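All remarks here apply to the structure that follows.
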Amino acid sequence: MSINSTGPEEKGFFEKVKETIEGLWDGTKDKAEELKDKASDTIDHLREKASSEKHAVSKKATSAKKSVTAKASATTVKAKAAAADVKATNKAKEIKTKAADESAKAKKAVADVKAKAADKAKVITVKAKSEATQAKKSVAAKANKTATVAKRKAVAAK
């Protein structure tokens, strides 16, 4: 008889935890890369836009300086928004670190549960052995008593 089963293997608790953590890890890395790319694209776009606006403004008269100032402040706001995107990238790194910490905690909890289960199994085994020994002694004593009574009856019957 073969000990290999033909059915699909079910995943254990630890494998499920591992896959969940890996999924979180991959999702976090992807999100961080997306945010980084988006921030660099936004910064490049803003630089191009700012440089084209500076060329147009330099050609206009002094009355256009006020509008340039307004546009520059708008560009500054956009640059600050891009900086916020960079901060989001840093936040993604923090999330990644937190996920690693939670993974370590989960592994430690798993090890603790295994150790407790092993200790409990040892206690139960010792208890079962002692109860089995006591039961054997009790059965042996009853068998001896029954045999002695049977011998007495046999002797008395003679």
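Residue numbering restarts at 1 for every chain of the structure tokens, chains are lettered A, B, ... in their displayed order, and ligands are numbered from 1 as they appear.
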
Any idea what's packed within 9 Å of Ala39 in chain A, counting only C-alpha atoms, ignoring anything in its chain fewer than 6 positions away? Could you give it as a short mmCIF file (atom, residue, chain, number, x, y, z; two decimals) with N, CA and C atoms, in the first residue's frame?
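Okay, this is what ended up in result_1.cif:
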```cif
data_model
loop_
_atom_site.label_atom_id
_atom_site.label_comp_id
_atom_site.auth_asym_id
_atom_site.auth_seq_id
_atom_site.Cartn_x
_atom_site.Cartn_y
_atom_site.Cartn_z
N ALA A 81 3.72 69.04 -4.10
CA ALA A 81 2.90 67.83 -4.26
C ALA A 81 3.78 66.66 -4.68
N ALA A 82 4.74 66.95 -5.58
CA ALA A 82 5.67 65.89 -5.99
C ALA A 82 6.51 65.44 -4.80
N ALA A 83 6.90 66.38 -3.96
CA ALA A 83 7.66 66.04 -2.75
C ALA A 83 6.80 65.18 -1.82
N ALA A 84 5.52 65.46 -1.79
CA ALA A 84 4.60 64.65 -0.98
C ALA A 84 4.57 63.22 -1.52
N ASP A 85 4.64 63.08 -2.86
CA ASP A 85 4.69 61.74 -3.45
C ASP A 85 5.97 61.02 -3.02
N VAL A 86 7.07 61.77 -2.93
CA VAL A 86 8.33 61.18 -2.46
C VAL A 86 8.17 60.73 -1.01
N THR A 89 6.60 57.51 -0.87
CA THR A 89 7.57 56.43 -1.11
C THR A 89 8.25 56.05 0.20
#
```

Check your understanding: Hey, which of A:Ala74, A:Val155, A:Ala92, A:Ala135 ends up closest to Ala50 in chain A? Count only C-alpha atoms.
Key ->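 Under the stated criterion, the closest residue is A:Ala74.
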
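In this model, the gap between CA of Lys80 in chain A and CA of His45 in chain A comes to 13.6 Å.
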
Check your understanding: To one decimal place, how far is CA of Lys38 in chain A from CA of Asp101 in chain A in Å?
Key ->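 Taking CA of Lys38 in chain A as the start and CA of Asp101 in chain A as the end point, the length is 27.6 Å.
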
**Study point:** Residues within 10 Å of range 107-122 of chain A, only C-alpha atoms, excluding chain neighbours under 6 positions, as a ChimeraX atom specification
**Key:** /A:13-14,17-18,101,128

For the residues in that selection, give me N, CA, C and O atoms as a PDB file, in the first residue's frame.
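selection.pdb written:
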```pdb
ATOM      1  N   PHE A  13      -1.210  25.889   8.062  1.00  0.00           N
ATOM      2  CA  PHE A  13      -1.370  27.244   8.589  1.00  0.00           C
ATOM      3  C   PHE A  13      -0.136  28.095   8.302  1.00  0.00           C
ATOM      4  O   PHE A  13      -0.233  29.235   7.868  1.00  0.00           O
ATOM      5  N   PHE A  14       1.036  27.508   8.501  1.00  0.00           N
ATOM      6  CA  PHE A  14       2.257  28.280   8.349  1.00  0.00           C
ATOM      7  C   PHE A  14       2.496  28.637   6.892  1.00  0.00           C
ATOM      8  O   PHE A  14       2.987  29.733   6.586  1.00  0.00           O
ATOM      9  N   VAL A  17       0.245  31.571   6.146  1.00  0.00           N
ATOM     10  CA  VAL A  17       0.790  32.804   6.733  1.00  0.00           C
ATOM     11  C   VAL A  17       1.940  33.305   5.876  1.00  0.00           C
ATOM     12  O   VAL A  17       2.030  34.493   5.567  1.00  0.00           O
ATOM     13  N   LYS A  18       2.790  32.377   5.467  1.00  0.00           N
ATOM     14  CA  LYS A  18       3.944  32.753   4.638  1.00  0.00           C
ATOM     15  C   LYS A  18       3.479  33.374   3.325  1.00  0.00           C
ATOM     16  O   LYS A  18       3.989  34.405   2.889  1.00  0.00           O
ATOM     17  N   ASP A 101       8.666  43.142  10.346  1.00  0.00           N
ATOM     18  CA  ASP A 101       8.553  42.969  11.801  1.00  0.00           C
ATOM     19  C   ASP A 101       7.392  42.047  12.147  1.00  0.00           C
ATOM     20  O   ASP A 101       7.499  41.168  13.016  1.00  0.00           O
ATOM     21  N   ALA A 128      -0.649   9.207  30.493  1.00  0.00           N
ATOM     22  CA  ALA A 128      -1.266   8.000  29.933  1.00  0.00           C
ATOM     23  C   ALA A 128      -0.466   6.759  30.308  1.00  0.00           C
ATOM     24  O   ALA A 128      -1.044   5.717  30.642  1.00  0.00           O
TER      25      ALA A 128
END
```
